[in-house]
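Everything below concerns the one structure shown next.
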Amino acid sequence: MISNSDSTAGLLQRVSAEAQKLPQAERRNFLKNGLLLAGGVIAGGALSANARAAAENLPPNVPGWTRSLGPGVLTEPYGKPSRFEKHIVRRNVPWLTADRIASISFTPLAELDGIITPSSLVFERYHAGIPDIDPEQHRLMIHGLVERPIILTVDDLRRFPGTSMIRFLECPANGGMEWRGAQMDALQFTHGMLSCCEWSGVALSTLLQEVGIRKDAAWILAEGADGSHMSRSVPLAKAMDDALIVYAQNGEPLRPEQGYPIRLINPGWEGNTCVKWLRRLEVGDQPWYHREETSKYTDLLADGRARKFSYEQECNSVVTYPCPEKPLREKGRYEVRGLAWSGRGKIKRVDVSFDGGVNWRTARLKGLVLPKALTRFGLEWDWDGGPAMIQSRAVDETGYVQPTYTQLREARGTNSIYHKNAIHTWRLHENGKVTNVQIR
Amino acid sequence: MSRFASGFLNGSPAALILGCCVVAACGADGAAGTAGDIQVTEFNAPVDQPAGHYGYGSDASDAEIAGWDIDIRPDGLGLPPGGGTVEDGEFLYEDQCAICHGSFGEGVGRYPVIAGGQGTLTESRPEKTVGSFWPYASTLWDYIHRAMPFAEPESLSDDEVYAISAYVLYLNDLVDYDFELNQGNLASIEMPNKDGFFLDDRPDVKNELCMNNCKDPAAIEITSEPVSLEVSEVSEVSEVPDVQVQSAAVVGKSPGESIYQQACALCHASGVGDAPILGERDAWAGRIAAGRDLMIASSLDGKGVMPPKGGQLQLSDEDIIAAVDYMIAQLAN
């Protein structure tokens, strides 16, 4: 099948060519094996060598990497993940948008632990591609109903007193493909327009105090420096409450696709209000009603009216293990895990059901429980090998309980696109596979 | 130049405006809460500093502001002087917009439909367009000026934006063919759905915190499952079909291919505006015959509908050449 005389690059190419002939799911295992081969970890010829090699590396044998040296420091000056984790990538759904320039990619939630999303895996959403901005030549202009209109450099921004917050970021269209029914057979696509980072920057309130806001000020327009000049109206109250102008995420400078060199973060609010590549803040007395707050990001109800300025991301949760990407292998004891979050504050509690919502058990919240941040939960469960309908239901500190699909549809119909935060159901099959279903 | 006429068109939602300085309420400088044995200082913005306390940055001059201040409001604030007719707009629209949005605004392929759809908002497949959904005409002027045509934002003159906006309104049966749109009359155009929006009133649903026997297990019914289920049935670890795996490392994506995806696929994947489609030999035969040099020159300088460098001027000449070579290579397979 694959001869061992190939060069690594040639081998890789043949591995991927062979993989194309296989059904989707077998492909991943195949690729893993192929990559193992390509890396020269083992010397044998055909794929069966993989099994032999694995045995050679297991106790009582001592693997090759324990009896040799690895590459030295600075082999990867900015680091990168293990080559065995190549399947952990953002993915897109090609039919969602006309092209990749104004499009979206999804975070592989099933592969992540804890509450922090690595910068490289934060979902992407933009409208005119990723601008290639030289920070030296980038400016933030603040003007309008202010005493002193100013222009700031990125260095100026870094000089202001800094602050950092761990906050989730979610596109209001997260799960929007599921309003009419279950459509996407992977956690990455049902919930992956979601991530959580530590954001560092300067409080927007600090900047607004610095320029001196006039009395009649009530709204702020935030505008990006990309080709779409992405713009959103934000009430002054939010700007003065907890909004940030950030230059860093997870300790490193913002990634280009996340708004480098600076972006706005409105904690708990629709991701699109967190304007990236921020170039301008205009203070005014009325909202602007731009395209992204009229044509888009308004929620059409069954009666033909649409909710506007629906900024908050309401309380939501999802089980991340098991899920379609992470099936169960055999019956026995498991920790069922998941994520919960609310744009209105802290998660107070998460309940989990294994019988489609007939009976519920309260899960444990794990690690940090921060306001407007992803929160981990877990619950030990003995799987008897039978079919199950796994759900999670989160409650936030305002007492709001995550709703059912039936409740959401009764209130809003199915044309809303945005703000779908219904209790999600994974159907666990007897063979351990997990599929996405909706139940009544 | 003050942009803040005392407009009244859209009263600001009072409920959202709590006034100034609520910072203190959410944890002032140094305020700390404790959780177990960790100390949490959640938000430490300085409070109540006078304006100019830090004095960083430079004053923004009127000229600097004018260059960037492009926003338009429903009351017309921000509109520049000028105007344009439906007739002028028809020509410009055909030339610059129709390749994606269609001659009647019907949308080509997956590009947005921007006309029609009136009366469909309560239907099971509503068509949200400028005419059926948008509440204000100002949004149209603002958006075309800031973001269209897609590959060359901010390339239209103010008069051209007036003319094209007039034509899009005409395509939506909102103005007559002899109409001229200008700074004076734009704000007075009434859009059919102007009263179709209401302020956020959520939470609009209330779930109960039931723990036991919350419903009849026998009545539970699966209402939907993804149609792709049959496909993933064969799989051990289900991977969603239809997914484009973007891991460059696995498939060994070349620089030329990356540039192509980034800057050229927009038109050359779909054939929008009669762009020759990647890998379709007939479409490329004549160009190949004319030679690689000419193809590179067209790509660098633009040709017909194609803007220079596909509209991405930040790319180097080498990037573009790599993309052209990648496109040529696709004809060989």
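Lettering and numbering for the structure tokens are positional, with chains as A, B, ... in the shown order, residues counted from 1 in each chain, and ligands counted from 1 in the shown order.
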
_Residue neighbourhood segment 64-70 of chain B, 12 Å, only C-alpha atoms, exclusion window fewer than 4 positions, as a ChimeraX atom specification_ = /A:139-144,149-151,221-225,229-231,279-283,288,290 /B:1-3,58-60,77-80,138-139,141-147,154,158

*chain A residues within 6 Å of chain B, counting only C-alpha atoms: which ones, as a PyMOL selection string?*
chain A and resi 25+91+93+98-99+149-152+181-183+185+203+209-212+227-229+237+240-241+286+288+290-291+295+302-310+325+358-360+401+403+437-440

*Near-segment 106-123 of chain A list (6 Å; only C-alpha atoms; drop same-chain fewer than 4 positions) as a list in words*: Arg90, Arg91, Gln188, Gly192, Met193, Ser195, Cys196, Cys197, Thr320 and Leu374 of chain A

_Those in segment 152-338 of chain A with strand (DSSP E or B) from DSSP, as an MDAnalysis selection string_ = chainID A and resid 152 163:170 194:203 213 219:224 231:235 244:249 252:253 263:265 269:270 278:284 299:300 306:308 312 316:321 323 326 332:338

*Could you pull the residues within 10 Å of Gly83 of chain B, counting only C-alpha atoms, minus those fewer than 5 positions along the same chain, as a ChimeraX atom specification?*
/B:158-163,165-166,180-186

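A straight line drawn from atom CA of Ala218 of chain B to atom CA of Ala363 of chain A is 25.4 Å long.
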
*If we count only C-alpha atoms, what is near segment 294-309 of chain B at a cut-off of 9 Å, once residues fewer than 6 positions away on the same chain are taken out, given as an MDAnalysis selection string?*
chainID B and resid 95:96 151:152 263:264 267 273:275 287:288 315:317 320:321 324:325

Go ahead and save the residues from that selection, with N, CA and C atoms, as a short mmCIF file (atom, residue, chain, number, x, y, z; two decimals), in the first residue's frame.
data_model
loop_
_atom_site.label_atom_id
_atom_site.label_comp_id
_atom_site.auth_asym_id
_atom_site.auth_seq_id
_atom_site.Cartn_x
_atom_site.Cartn_y
_atom_site.Cartn_z
N ASP B 95 -22.99 47.61 -14.24
CA ASP B 95 -21.55 47.50 -14.39
C ASP B 95 -20.87 46.95 -13.14
N GLN B 96 -21.34 47.35 -11.95
CA GLN B 96 -20.57 47.08 -10.73
C GLN B 96 -21.24 46.15 -9.72
N ALA B 151 -15.41 43.75 -3.68
CA ALA B 151 -13.95 43.66 -3.78
C ALA B 151 -13.28 45.03 -3.72
N GLU B 152 -14.06 46.11 -3.86
CA GLU B 152 -13.46 47.46 -3.86
C GLU B 152 -14.28 48.45 -3.05
N ALA B 263 -7.79 35.31 -2.25
CA ALA B 263 -8.02 36.50 -3.07
C ALA B 263 -8.71 36.22 -4.41
N CYS B 264 -8.70 35.00 -4.87
CA CYS B 264 -9.15 34.76 -6.24
C CYS B 264 -10.40 33.87 -6.31
N CYS B 267 -14.17 34.88 -7.17
CA CYS B 267 -14.76 34.91 -8.50
C CYS B 267 -14.45 33.64 -9.30
N GLY B 273 -19.34 36.97 -12.79
CA GLY B 273 -18.88 37.99 -13.73
C GLY B 273 -18.12 37.39 -14.91
N ASP B 274 -18.43 36.12 -15.22
CA ASP B 274 -17.75 35.42 -16.32
C ASP B 274 -16.26 35.23 -16.07
N ALA B 275 -15.86 35.18 -14.84
CA ALA B 275 -14.47 34.84 -14.54
C ALA B 275 -14.25 33.39 -14.97
N ARG B 287 -6.47 31.99 -23.01
CA ARG B 287 -5.56 32.75 -22.13
C ARG B 287 -4.22 32.04 -22.02
N ILE B 288 -4.29 30.70 -21.93
CA ILE B 288 -3.05 29.92 -21.88
C ILE B 288 -2.27 30.15 -23.18
N LEU B 315 -1.25 42.26 -1.21
CA LEU B 315 -0.49 41.09 -1.63
C LEU B 315 0.69 41.52 -2.50
N SER B 316 1.79 40.78 -2.37
CA SER B 316 2.96 41.11 -3.18
C SER B 316 2.78 40.55 -4.59
N ASP B 317 3.59 41.03 -5.52
CA ASP B 317 3.54 40.51 -6.89
C ASP B 317 3.82 39.01 -6.89
N ILE B 320 0.80 36.98 -6.12
CA ILE B 320 -0.14 36.90 -7.24
C ILE B 320 0.38 35.90 -8.28
N ILE B 321 1.69 35.96 -8.53
CA ILE B 321 2.28 35.03 -9.51
C ILE B 321 2.11 33.59 -9.04
N VAL B 324 -1.40 32.60 -9.77
CA VAL B 324 -1.62 32.34 -11.20
C VAL B 324 -1.04 30.96 -11.55
N ASP B 325 0.17 30.68 -11.05
CA ASP B 325 0.78 29.38 -11.34
C ASP B 325 -0.06 28.24 -10.78
#

*asked:* Need the shell around Gln402 of chain A: protein/DNA/RNA residues with any atom at most 6 Å away, counting only C-alpha atoms. Skip same-chain ones fewer than 6 positions apart. Format as a list in words?
replied: Cys315, Asn316, Arg393 and Ala394 of chain A

Please produce a file of those selected residues containing all heavy atoms, as a short mmCIF file (atom, residue, chain, number, x, y, z; two decimals), in the first residue's frame.
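As a result, again.cif now contains:
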data_model
loop_
_atom_site.label_atom_id
_atom_site.label_comp_id
_atom_site.auth_asym_id
_atom_site.auth_seq_id
_atom_site.Cartn_x
_atom_site.Cartn_y
_atom_site.Cartn_z
N CYS A 315 -28.54 32.75 28.58
CA CYS A 315 -27.94 31.58 29.21
C CYS A 315 -28.09 30.33 28.34
O CYS A 315 -29.17 30.06 27.81
CB CYS A 315 -28.62 31.38 30.56
SG CYS A 315 -27.94 30.04 31.51
N ASN A 316 -27.00 29.58 28.21
CA ASN A 316 -26.96 28.46 27.28
C ASN A 316 -26.00 27.41 27.82
O ASN A 316 -25.18 27.70 28.70
CB ASN A 316 -26.47 28.99 25.92
CG ASN A 316 -26.85 28.11 24.74
OD1 ASN A 316 -27.31 26.98 24.92
ND2 ASN A 316 -26.66 28.63 23.56
N ARG A 393 -29.07 21.64 31.06
CA ARG A 393 -29.96 22.80 31.27
C ARG A 393 -29.28 23.73 32.27
O ARG A 393 -29.07 23.36 33.41
CB ARG A 393 -31.29 22.29 31.81
CG ARG A 393 -32.31 23.37 32.15
CD ARG A 393 -33.56 22.75 32.75
NE ARG A 393 -33.31 22.22 34.09
CZ ARG A 393 -34.18 21.47 34.77
NH1 ARG A 393 -35.33 21.14 34.25
NH2 ARG A 393 -33.88 21.04 35.97
N ALA A 394 -28.90 24.91 31.83
CA ALA A 394 -28.16 25.83 32.70
C ALA A 394 -29.08 26.89 33.28
O ALA A 394 -30.09 27.27 32.68
CB ALA A 394 -27.04 26.49 31.92
#

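A straight line drawn from atom CA of Asp226 of chain A to atom CA of Tyr126 of chain A is 9.0 Å long.
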
*Mind checking which residues fall within 10 Å of Ala388 of chain A, counting only C-alpha atoms, ignoring those fewer than 2 positions away in the same chain, and posting them as a list in words?*
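Non-adjacent residues within range: Ser353, Phe354, Asp355, Gly356, Trp383, Asp384, Gly385, Gly386, Ile390, Gln391, Thr425, Trp426, Arg427, Leu428, His429, Glu430, Gly432 and Val434 of chain A.
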
Selection from above, all heavy atoms, as a compact mmCIF listing (two decimals), in the first residue's frame, can you write it?
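part-v8.txt written:
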# COMPACT_ATOMS: atom_id res chain seq x y z
N SER A 353 -29.74 15.61 32.06
CA SER A 353 -30.73 14.54 31.94
C SER A 353 -30.20 13.49 30.97
O SER A 353 -29.52 13.82 30.00
CB SER A 353 -32.06 15.09 31.43
OG SER A 353 -32.95 14.02 31.13
N PHE A 354 -30.48 12.22 31.26
CA PHE A 354 -30.06 11.14 30.37
C PHE A 354 -31.26 10.49 29.69
O PHE A 354 -31.12 9.57 28.89
CB PHE A 354 -29.26 10.09 31.16
CG PHE A 354 -28.00 10.67 31.74
CD1 PHE A 354 -27.96 11.12 33.05
CD2 PHE A 354 -26.87 10.82 30.95
CE1 PHE A 354 -26.81 11.68 33.58
CE2 PHE A 354 -25.71 11.39 31.47
CZ PHE A 354 -25.68 11.81 32.80
N ASP A 355 -32.46 10.96 30.04
CA ASP A 355 -33.67 10.35 29.50
C ASP A 355 -34.53 11.38 28.76
O ASP A 355 -35.75 11.33 28.80
CB ASP A 355 -34.47 9.67 30.62
CG ASP A 355 -34.78 10.64 31.76
OD1 ASP A 355 -34.58 11.87 31.58
OD2 ASP A 355 -35.21 10.19 32.84
N GLY A 356 -33.86 12.34 28.12
CA GLY A 356 -34.61 13.29 27.31
C GLY A 356 -35.42 14.28 28.11
O GLY A 356 -36.43 14.79 27.63
N TRP A 383 -22.89 4.32 32.40
CA TRP A 383 -23.64 3.99 31.18
C TRP A 383 -23.84 2.49 31.12
O TRP A 383 -22.87 1.72 31.12
CB TRP A 383 -22.89 4.49 29.94
CG TRP A 383 -23.64 4.21 28.67
CD1 TRP A 383 -24.96 4.34 28.46
CD2 TRP A 383 -23.08 3.73 27.44
NE1 TRP A 383 -25.29 4.00 27.17
CE2 TRP A 383 -24.16 3.62 26.51
CE3 TRP A 383 -21.78 3.42 27.00
CZ2 TRP A 383 -23.98 3.18 25.20
CZ3 TRP A 383 -21.60 2.99 25.69
CH2 TRP A 383 -22.70 2.87 24.80
N ASP A 384 -25.11 2.07 31.03
CA ASP A 384 -25.42 0.64 31.01
C ASP A 384 -25.37 0.06 29.61
O ASP A 384 -25.73 -1.10 29.40
CB ASP A 384 -26.79 0.39 31.64
CG ASP A 384 -27.91 1.08 30.87
OD1 ASP A 384 -27.64 1.64 29.78
OD2 ASP A 384 -29.07 1.07 31.34
N GLY A 385 -24.97 0.85 28.64
CA GLY A 385 -24.88 0.36 27.27
C GLY A 385 -26.18 0.53 26.50
O GLY A 385 -26.24 0.20 25.31
N GLY A 386 -27.18 1.07 27.15
CA GLY A 386 -28.46 1.27 26.46
C GLY A 386 -28.54 2.63 25.80
O GLY A 386 -27.68 3.49 26.01
N ILE A 390 -29.19 12.59 26.01
CA ILE A 390 -28.45 13.41 26.97
C ILE A 390 -28.70 14.89 26.73
O ILE A 390 -28.57 15.38 25.61
CB ILE A 390 -26.93 13.10 26.88
CG1 ILE A 390 -26.72 11.58 27.02
CG2 ILE A 390 -26.16 13.86 27.95
CD1 ILE A 390 -25.27 11.16 26.91
N GLN A 391 -29.04 15.59 27.81
CA GLN A 391 -29.31 17.03 27.72
C GLN A 391 -28.65 17.77 28.88
O GLN A 391 -28.39 17.16 29.92
CB GLN A 391 -30.82 17.30 27.82
CG GLN A 391 -31.67 16.60 26.78
CD GLN A 391 -33.14 16.97 26.90
OE1 GLN A 391 -33.66 17.13 28.00
NE2 GLN A 391 -33.81 17.11 25.77
N THR A 425 -30.09 18.21 22.61
CA THR A 425 -30.16 16.78 22.89
C THR A 425 -29.14 16.01 22.05
O THR A 425 -29.11 16.15 20.82
CB THR A 425 -31.57 16.21 22.55
OG1 THR A 425 -32.55 17.04 23.18
CG2 THR A 425 -31.70 14.77 23.04
N TRP A 426 -28.32 15.19 22.72
CA TRP A 426 -27.48 14.22 22.01
C TRP A 426 -28.12 12.86 22.19
O TRP A 426 -28.44 12.45 23.31
CB TRP A 426 -26.06 14.16 22.58
CG TRP A 426 -25.20 15.36 22.43
CD1 TRP A 426 -24.51 15.98 23.43
CD2 TRP A 426 -24.85 16.07 21.23
NE1 TRP A 426 -23.77 17.04 22.93
CE2 TRP A 426 -23.97 17.11 21.57
CE3 TRP A 426 -25.23 15.93 19.88
CZ2 TRP A 426 -23.44 18.00 20.64
CZ3 TRP A 426 -24.69 16.81 18.95
CH2 TRP A 426 -23.81 17.82 19.33
N ARG A 427 -28.28 12.14 21.11
CA ARG A 427 -28.83 10.79 21.18
C ARG A 427 -27.66 9.81 21.22
O ARG A 427 -26.88 9.72 20.27
CB ARG A 427 -29.70 10.53 19.96
CG ARG A 427 -30.27 9.14 19.92
CD ARG A 427 -31.09 8.98 18.66
NE ARG A 427 -31.73 7.67 18.62
CZ ARG A 427 -32.39 7.22 17.57
NH1 ARG A 427 -32.50 7.97 16.49
NH2 ARG A 427 -32.93 6.03 17.60
N LEU A 428 -27.54 9.10 22.34
CA LEU A 428 -26.48 8.10 22.49
C LEU A 428 -27.03 6.75 22.05
O LEU A 428 -28.04 6.28 22.59
CB LEU A 428 -26.01 8.06 23.95
CG LEU A 428 -24.98 6.98 24.32
CD1 LEU A 428 -23.68 7.17 23.56
CD2 LEU A 428 -24.73 7.00 25.83
N HIS A 429 -26.40 6.15 21.05
CA HIS A 429 -26.86 4.86 20.53
C HIS A 429 -26.18 3.72 21.29
O HIS A 429 -25.16 3.92 21.94
CB HIS A 429 -26.55 4.76 19.04
CG HIS A 429 -27.22 5.83 18.22
ND1 HIS A 429 -28.34 5.61 17.47
CD2 HIS A 429 -26.92 7.16 18.07
CE1 HIS A 429 -28.70 6.74 16.87
NE2 HIS A 429 -27.86 7.69 17.21
N GLU A 430 -26.72 2.51 21.13
CA GLU A 430 -26.16 1.39 21.88
C GLU A 430 -24.71 1.09 21.52
O GLU A 430 -23.95 0.58 22.33
CB GLU A 430 -27.04 0.14 21.67
CG GLU A 430 -28.30 0.20 22.52
CD GLU A 430 -29.40 -0.69 22.00
OE1 GLU A 430 -29.56 -0.78 20.76
OE2 GLU A 430 -30.08 -1.30 22.83
N GLY A 432 -22.53 3.27 21.11
CA GLY A 432 -21.68 4.32 21.65
C GLY A 432 -21.63 5.57 20.79
O GLY A 432 -21.09 6.60 21.20
N VAL A 434 -22.90 8.94 18.89
CA VAL A 434 -23.75 10.03 19.35
C VAL A 434 -24.22 10.82 18.14
O VAL A 434 -23.41 11.16 17.27
CB VAL A 434 -22.97 10.96 20.31
CG1 VAL A 434 -23.85 12.13 20.75
CG2 VAL A 434 -22.48 10.18 21.52

*Write down as a ChimeraX atom specification the residues of segment 55-160 of chain B whose backbone DSSP state falls under helix (DSSP H, G or I).*
/B:62-68,86-96,98-101,137-147,158-160
